[in-house]
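J.: Next comes the structure file model-v4.tsv, holding TSV, C-alpha atoms.
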chain	number	residue	atom	x	y	z
A	1	MET	CA	0.00	0.00	0.00
A	2	ALA	CA	3.05	2.26	-0.14
A	3	ASP	CA	1.99	3.77	-3.45
A	4	LEU	CA	-1.29	5.23	-2.20
A	5	ARG	CA	-2.21	8.46	-3.93
A	6	VAL	CA	-3.32	10.77	-1.13
A	7	LEU	CA	-4.87	14.15	-1.90
A	8	GLY	CA	-5.20	16.69	0.90
A	9	VAL	CA	-8.18	19.01	0.54
A	10	ILE	CA	-8.83	22.06	2.74
A	11	PRO	CA	-12.53	22.98	2.41
A	12	ALA	CA	-12.81	26.72	3.07
A	13	HIS	CA	-16.23	28.32	3.50
A	14	LEU	CA	-16.77	31.92	4.66
A	15	GLY	CA	-20.29	31.43	5.98
A	16	SER	CA	-19.43	30.61	9.60
A	17	THR	CA	-22.12	31.96	11.94
A	18	ARG	CA	-20.07	31.98	15.13
A	19	LEU	CA	-16.99	33.65	13.63
A	20	PRO	CA	-17.71	35.18	10.21
A	21	ARG	CA	-14.96	34.96	7.56
A	22	LYS	CA	-12.83	33.06	10.04
A	23	VAL	CA	-10.60	31.28	7.52
A	24	LEU	CA	-9.34	34.69	6.35
A	25	ARG	CA	-8.87	36.12	9.84
A	26	SER	CA	-5.30	37.11	10.63
A	27	ILE	CA	-3.06	35.13	12.97
A	28	VAL	CA	0.24	36.94	13.55
A	29	GLY	CA	-0.24	38.79	10.28
A	30	THR	CA	-1.11	35.79	8.09
A	31	PRO	CA	-4.59	34.53	7.10
A	32	MET	CA	-5.62	31.40	8.97
A	33	ILE	CA	-6.02	29.45	5.72
A	34	ALA	CA	-2.34	30.04	4.92
A	35	HIS	CA	-1.24	28.67	8.30
A	36	VAL	CA	-3.29	25.53	7.70
A	37	PHE	CA	-1.92	25.05	4.19
A	38	ARG	CA	1.72	25.61	5.12
A	39	ARG	CA	1.64	23.20	8.03
A	40	ALA	CA	-0.20	20.49	6.09
A	41	HIS	CA	2.13	20.97	3.12
A	42	GLN	CA	5.02	19.69	5.24
A	43	SER	CA	3.49	16.20	5.37
A	44	GLU	CA	5.25	13.51	3.35
A	45	PHE	CA	2.03	11.48	3.48
A	46	LEU	CA	0.25	13.80	1.03
A	47	SER	CA	0.80	13.40	-2.70
A	48	ASP	CA	-0.80	16.80	-3.33
A	49	LEU	CA	-2.67	19.52	-1.43
A	50	LEU	CA	-5.19	22.21	-2.36
A	51	VAL	CA	-7.90	24.50	-1.01
A	52	ALA	CA	-11.52	23.97	-2.10
A	53	THR	CA	-13.78	26.98	-1.64
A	54	ASP	CA	-16.94	28.69	-2.82
A	55	SER	CA	-15.57	32.16	-2.07
A	56	GLU	CA	-13.94	34.55	-4.52
A	57	ASP	CA	-12.23	36.23	-1.54
A	58	VAL	CA	-10.62	32.95	-0.47
A	59	MET	CA	-9.59	32.26	-4.07
A	60	ALA	CA	-7.99	35.71	-4.34
A	61	THR	CA	-6.15	35.27	-1.04
A	62	CYS	CA	-4.85	31.86	-2.05
A	63	HIS	CA	-3.77	33.16	-5.46
A	64	ALA	CA	-1.88	36.03	-3.84
A	65	LEU	CA	-0.07	33.63	-1.51
A	66	GLY	CA	0.69	30.98	-4.14
A	67	ILE	CA	-1.68	28.41	-2.61
A	68	PRO	CA	-3.40	26.03	-5.08
A	69	ALA	CA	-7.18	26.48	-4.87
A	70	VAL	CA	-10.27	25.41	-6.81
A	71	MET	CA	-13.81	26.80	-6.87
A	72	THR	CA	-16.61	24.48	-5.77
A	73	SER	CA	-20.37	24.81	-5.50
A	74	ALA	CA	-21.87	27.12	-2.89
A	75	ASP	CA	-24.65	24.57	-2.28
A	76	HIS	CA	-22.60	22.04	-0.31
A	77	PRO	CA	-23.91	21.61	3.24
A	78	SER	CA	-20.64	20.15	4.57
A	79	GLY	CA	-16.91	20.09	4.03
A	80	THR	CA	-17.13	16.42	3.12
A	81	ASP	CA	-19.45	17.28	0.23
A	82	ARG	CA	-16.90	19.83	-0.94
A	83	VAL	CA	-14.16	17.19	-0.86
A	84	TRP	CA	-16.47	14.93	-2.86
A	85	GLU	CA	-16.74	17.56	-5.61
A	86	VAL	CA	-12.96	17.79	-5.79
A	87	SER	CA	-12.81	14.00	-6.10
A	88	ARG	CA	-14.87	14.16	-9.31
A	89	ASN	CA	-11.91	15.69	-11.16
A	90	ARG	CA	-8.92	14.76	-9.00
A	91	ILE	CA	-8.41	11.00	-8.77
A	92	ALA	CA	-6.79	9.64	-5.62
A	93	ASP	CA	-6.97	6.52	-3.48
A	94	VAL	CA	-7.49	8.49	-0.27
A	95	TYR	CA	-8.73	12.03	0.32
A	96	VAL	CA	-7.74	13.86	3.50
A	97	ASN	CA	-10.20	16.51	4.67
A	98	ILE	CA	-8.07	19.08	6.49
A	99	GLN	CA	-10.14	21.52	8.55
A	100	ALA	CA	-9.56	25.14	7.51
A	101	ASP	CA	-10.08	26.28	11.11
A	102	GLU	CA	-7.34	24.08	12.61
A	103	PRO	CA	-4.21	26.26	12.21
A	104	LEU	CA	-2.23	24.06	14.61
A	105	ILE	CA	-2.55	20.90	12.53
A	106	THR	CA	0.68	18.89	12.43
A	107	THR	CA	2.27	16.37	10.13
A	108	GLY	CA	1.63	13.85	12.91
A	109	HIS	CA	-2.11	14.38	12.61
A	110	ILE	CA	-1.98	13.72	8.89
A	111	ARG	CA	0.19	10.64	9.36
A	112	SER	CA	-2.35	9.27	11.87
A	113	LEU	CA	-5.21	9.83	9.42
A	114	VAL	CA	-3.44	8.15	6.50
A	115	GLN	CA	-1.54	5.28	8.13
A	116	PRO	CA	-4.58	2.97	8.69
A	117	PHE	CA	-5.24	2.93	4.93
A	118	ARG	CA	-1.70	1.67	4.36
A	119	THR	CA	-1.95	-1.15	6.89
A	120	HIS	CA	-5.63	-2.14	6.70
A	121	PRO	CA	-7.09	-2.09	3.17
A	122	GLY	CA	-10.63	-2.45	4.52
A	123	VAL	CA	-10.61	0.92	6.31
A	124	GLN	CA	-13.08	3.34	4.72
A	125	VAL	CA	-12.92	6.48	6.88
A	126	THR	CA	-10.52	7.68	9.58
A	127	THR	CA	-10.51	10.52	12.07
A	128	LEU	CA	-8.75	11.52	15.30
A	129	LYS	CA	-9.34	11.70	19.03
A	130	ILE	CA	-7.43	13.26	21.92
A	131	VAL	CA	-8.13	13.30	25.65
A	132	ALA	CA	-10.43	16.24	26.43
A	133	THR	CA	-9.52	18.74	29.10
A	134	ALA	CA	-11.94	19.42	31.96
A	135	GLY	CA	-12.97	22.69	30.32
A	136	GLU	CA	-13.66	21.04	26.99
A	137	VAL	CA	-15.98	18.31	28.28
A	138	GLN	CA	-18.97	20.63	28.85
A	139	ASN	CA	-18.29	22.89	25.84
A	140	PRO	CA	-20.77	22.17	23.01
A	141	ASN	CA	-18.31	23.62	20.50
A	142	VAL	CA	-15.98	20.72	21.38
A	143	VAL	CA	-17.18	17.45	19.85
A	144	LYS	CA	-16.79	14.30	21.91
A	145	VAL	CA	-16.44	10.74	20.60
A	146	VAL	CA	-16.79	7.24	22.04
A	147	THR	CA	-15.30	4.18	20.34
A	148	ASP	CA	-15.55	0.40	20.50
A	149	ALA	CA	-12.80	-1.99	21.57
A	150	HIS	CA	-11.33	-1.91	18.05
A	151	GLY	CA	-11.15	1.88	17.78
A	152	ARG	CA	-14.25	2.29	15.62
A	153	ALA	CA	-16.53	5.22	16.39
A	154	LEU	CA	-19.75	4.42	18.22
A	155	TYR	CA	-21.03	8.00	18.40
A	156	PHE	CA	-20.03	11.66	18.19
A	157	SER	CA	-21.80	14.33	20.22
A	158	ARG	CA	-21.58	17.92	21.39
A	159	HIS	CA	-22.83	16.61	24.74
A	160	PRO	CA	-20.44	14.94	27.22
A	161	ILE	CA	-20.44	11.21	26.45
A	162	PRO	CA	-20.46	8.77	28.12
A	163	TYR	CA	-22.73	9.90	30.95
A	164	ASP	CA	-21.10	9.31	34.35
A	165	ARG	CA	-24.24	8.08	36.09
A	166	ASP	CA	-22.64	7.21	39.44
A	167	ARG	CA	-20.39	10.28	39.33
A	168	GLY	CA	-17.35	8.18	40.09
A	169	GLY	CA	-15.12	10.55	38.14
A	170	ALA	CA	-13.15	7.76	36.46
A	171	VAL	CA	-14.44	8.52	32.94
A	172	THR	CA	-12.00	9.53	30.20
A	173	TYR	CA	-13.64	11.91	27.76
A	174	TRP	CA	-12.28	12.04	24.23
A	175	LYS	CA	-12.33	15.17	22.11
A	176	HIS	CA	-12.77	14.89	18.36
A	177	PRO	CA	-10.47	17.59	16.90
A	178	GLY	CA	-11.71	17.19	13.33
A	179	GLY	CA	-9.87	16.07	10.24
A	180	TYR	CA	-10.89	13.03	8.22
A	181	ALA	CA	-9.58	10.77	5.51
A	182	TYR	CA	-11.78	8.73	3.17
A	183	ARG	CA	-11.63	6.17	0.45
A	184	ARG	CA	-13.15	7.44	-2.78
A	185	GLU	CA	-16.02	4.95	-2.48
A	186	ALA	CA	-16.94	6.20	1.00
A	187	LEU	CA	-17.05	9.78	-0.30
A	188	GLU	CA	-19.35	8.75	-3.13
A	189	ARG	CA	-21.67	6.93	-0.77
A	190	PHE	CA	-21.74	9.85	1.70
A	191	HIS	CA	-22.67	12.34	-1.00
A	192	ARG	CA	-25.51	10.20	-2.33
A	193	LEU	CA	-27.11	9.97	1.11
A	194	PRO	CA	-29.43	12.70	2.42
A	195	PRO	CA	-28.41	14.40	5.69
A	196	SER	CA	-29.30	11.91	8.41
A	197	PRO	CA	-31.57	12.58	11.42
A	198	LEU	CA	-28.75	12.55	13.98
A	199	GLU	CA	-26.56	14.66	11.70
A	200	ARG	CA	-29.28	17.31	11.53
A	201	VAL	CA	-29.86	17.30	15.29
A	202	GLU	CA	-26.18	17.47	16.34
A	203	ARG	CA	-25.03	19.41	13.27
A	204	LEU	CA	-22.22	16.86	12.83
A	205	GLU	CA	-21.73	15.54	9.30
A	206	GLN	CA	-19.76	12.45	10.40
A	207	LEU	CA	-22.92	10.99	11.91
A	208	ARG	CA	-24.20	10.42	8.37
A	209	PHE	CA	-21.52	7.76	7.92
A	210	LEU	CA	-22.44	6.01	11.16
A	211	GLU	CA	-26.18	6.09	10.57
A	212	ASP	CA	-25.66	4.38	7.22
A	213	GLY	CA	-23.35	1.74	8.69
A	214	ILE	CA	-20.07	3.13	7.28
A	215	PRO	CA	-17.42	2.54	9.98
A	216	ILE	CA	-15.07	5.32	11.06
A	217	GLN	CA	-11.69	4.28	12.44
A	218	VAL	CA	-10.65	6.68	15.22
A	219	VAL	CA	-6.92	7.12	15.85
A	220	GLU	CA	-5.61	8.52	19.12
A	221	THR	CA	-3.27	11.50	18.99
A	222	ALA	CA	-1.38	13.22	21.78
A	223	GLU	CA	-0.87	16.43	19.80
A	224	PRO	CA	-3.37	19.11	20.89
A	225	THR	CA	-4.89	21.65	18.53
A	226	ILE	CA	-7.15	24.68	18.82
A	227	GLY	CA	-10.15	24.53	16.51
A	228	VAL	CA	-11.12	28.14	15.87
A	229	ASP	CA	-14.88	28.51	16.32
A	230	THR	CA	-15.14	31.75	18.32
A	231	GLU	CA	-13.37	35.07	18.84
A	232	GLU	CA	-11.92	33.66	22.05
A	233	ASP	CA	-10.41	30.72	20.15
A	234	LEU	CA	-8.87	33.12	17.67
A	235	LEU	CA	-7.29	35.21	20.43
Give the structure from this file in structure tokens form.
T.:
Amino acid sequence: MADLRVLGVIPAHLGSTRLPRKVLRSIVGTPMIAHVFRRAHQSEFLSDLLVATDSEDVMATCHALGIPAVMTSADHPSGTDRVWEVSRNRIADVYVNIQADEPLITTGHIRSLVQPFRTHPGVQVTTLKIVATAGEVQNPNVVKVVTDAHGRALYFSRHPIPYDRDRGGAVTYWKHPGGYAYRREALERFHRLPPSPLERVERLEQLRFLEDGIPIQVVETAEPTIGVDTEEDLL
């Protein structure tokens, strides 16, 4: 599996409600999208890397900074759908969805997303988890995940899961920092499906995979990130 063609795609949408135009917001003088691209570009696990957007402003910024970018439909409800559109014209074995609001992404994160496809040909989708801090557990902007004994996702939620009924305090809560990788077939199947009931309730696109029986392999990472959802995150 050493010859996997792996395309990194950074879906960049300006329509964030909590932090408008966040992917173009400045971090130490550089747009957030550029930080994400430059860090991801260091990964030897990616055969190629580009930004996928529906914004002329993002396209102009990327062009000015020498970042490869393509225009995609404004009708996509999720970043995964935007990656799917890219996959129609850019053939790869695996597509890595790199969150445009994760400026602290590392090459280690990308390696963790891609490695299961090299060692287990049956893997369809991968994502990451990291131990949540006490402050993150109750924060609905921080997605939590629980997995089975083999590392496959059981559920993702904005609510703290699992529920510590006896309040013993021995529960480890896992944060889902974002970032996915998919086989082409899984992307196709995802796009053909309508948004699922749990996806609509939680506003979490990955639940569409689970509700249709598509397994998601969750890989532990020890490298923390800051997903930028609010002004406080940005600061």
J.: Which of these, A:Arg39, A:His191, A:Arg200, A:His176, has the shortest distance to Ile105 of chain A once you count only C-alpha atoms?
T.: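 Once distances to Ile105 of chain A are computed over only C-alpha atoms, the minimum belongs to A:Arg39.
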J.: Measuring atom to atom with all atoms listed in the file, identify which of A:Pro121, A:Gly227, A:Gly8, A:Gly135 is nearest to Ser47 of chain A.
T.: A:Gly8
J.: So what do you get for atom CA of Ile67 of chain A versus atom CA of Glu232 of chain A, distance-wise?
T.: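 For atom CA of Ile67 of chain A relative to atom CA of Glu232 of chain A, the distance reads 27.2 Å.
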J.: Find, counting all atoms listed in the file, the residue in A:Pro224, A:Pro194, A:Gly179, A:Pro140 that gets nearest to Arg111 of chain A.
T.: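 That would be A:Gly179, the residue with the smallest distance to Arg111 of chain A.
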J.: Could you jot down the atom CA of Ser157 of chain A to atom CA of Arg208 of chain A separation for me, Å, one decimal place?
T.: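 Straight-line distance from atom CA of Ser157 of chain A to atom CA of Arg208 of chain A works out to 12.7 Å.
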J.: When you count only C-alpha atoms, which of these residues is closest to Gln99 of chain A: A:Pro77, A:Gly178, A:Gly15, A:Pro116?
T.: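 Ranking A:Pro77, A:Gly178, A:Gly15, A:Pro116 by distance to Gln99 of chain A, first place goes to A:Gly178.
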J.: Taking only C-alpha atoms into account, name the residue in A:Leu204, A:Tyr182, A:Thr107, A:Gln124 that is nearest to Lys144 of chain A.
T.: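 The answer is A:Leu204, which sits nearest to Lys144 of chain A.
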J.: One number please: atom CA of Thr53 of chain A to atom CA of Arg38 of chain A, in Å, one decimal.
T.: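 Straight-line distance from atom CA of Thr53 of chain A to atom CA of Arg38 of chain A works out to 17.0 Å.
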J.: Excluding same-chain residues fewer than 6 positions from Val143 of chain A, what lies within 8 Å of it counting only C-alpha atoms, as a list in words?
T.: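 Residues meeting the cut-off are Phe156, Ser157, Arg158, His159, Lys175, His176 and Pro177 of chain A.
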J.: Using only C-alpha atoms for the distances, tell me which of A:Leu154, A:Leu19, A:Ala40, A:Ile10 is nearest to Gly108 of chain A.
T.: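 Looking only at the distances to Gly108 of chain A, the closest residue turns out to be A:Ala40.
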J.: Can you pull out every residue within 12 Å of Thr17 of chain A, counting all atoms listed in the file, but drop anything in the same chain fewer than 6 positions away, and send it as an MDAnalysis selection string?
T.: chainID A and resid 229:231
J.: What does the file look like for those residues with C-alpha atoms, as an mmCIF file, in the coordinates of the input?
T.:
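Once everything was written out, this is out26.cif:
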data_model
loop_
_atom_site.group_PDB
_atom_site.id
_atom_site.type_symbol
_atom_site.label_atom_id
_atom_site.label_comp_id
_atom_site.auth_asym_id
_atom_site.auth_seq_id
_atom_site.Cartn_x
_atom_site.Cartn_y
_atom_site.Cartn_z
ATOM 1 C CA ASP A 229 -14.880 28.510 16.320
ATOM 2 C CA THR A 230 -15.140 31.750 18.320
ATOM 3 C CA GLU A 231 -13.370 35.070 18.840
#
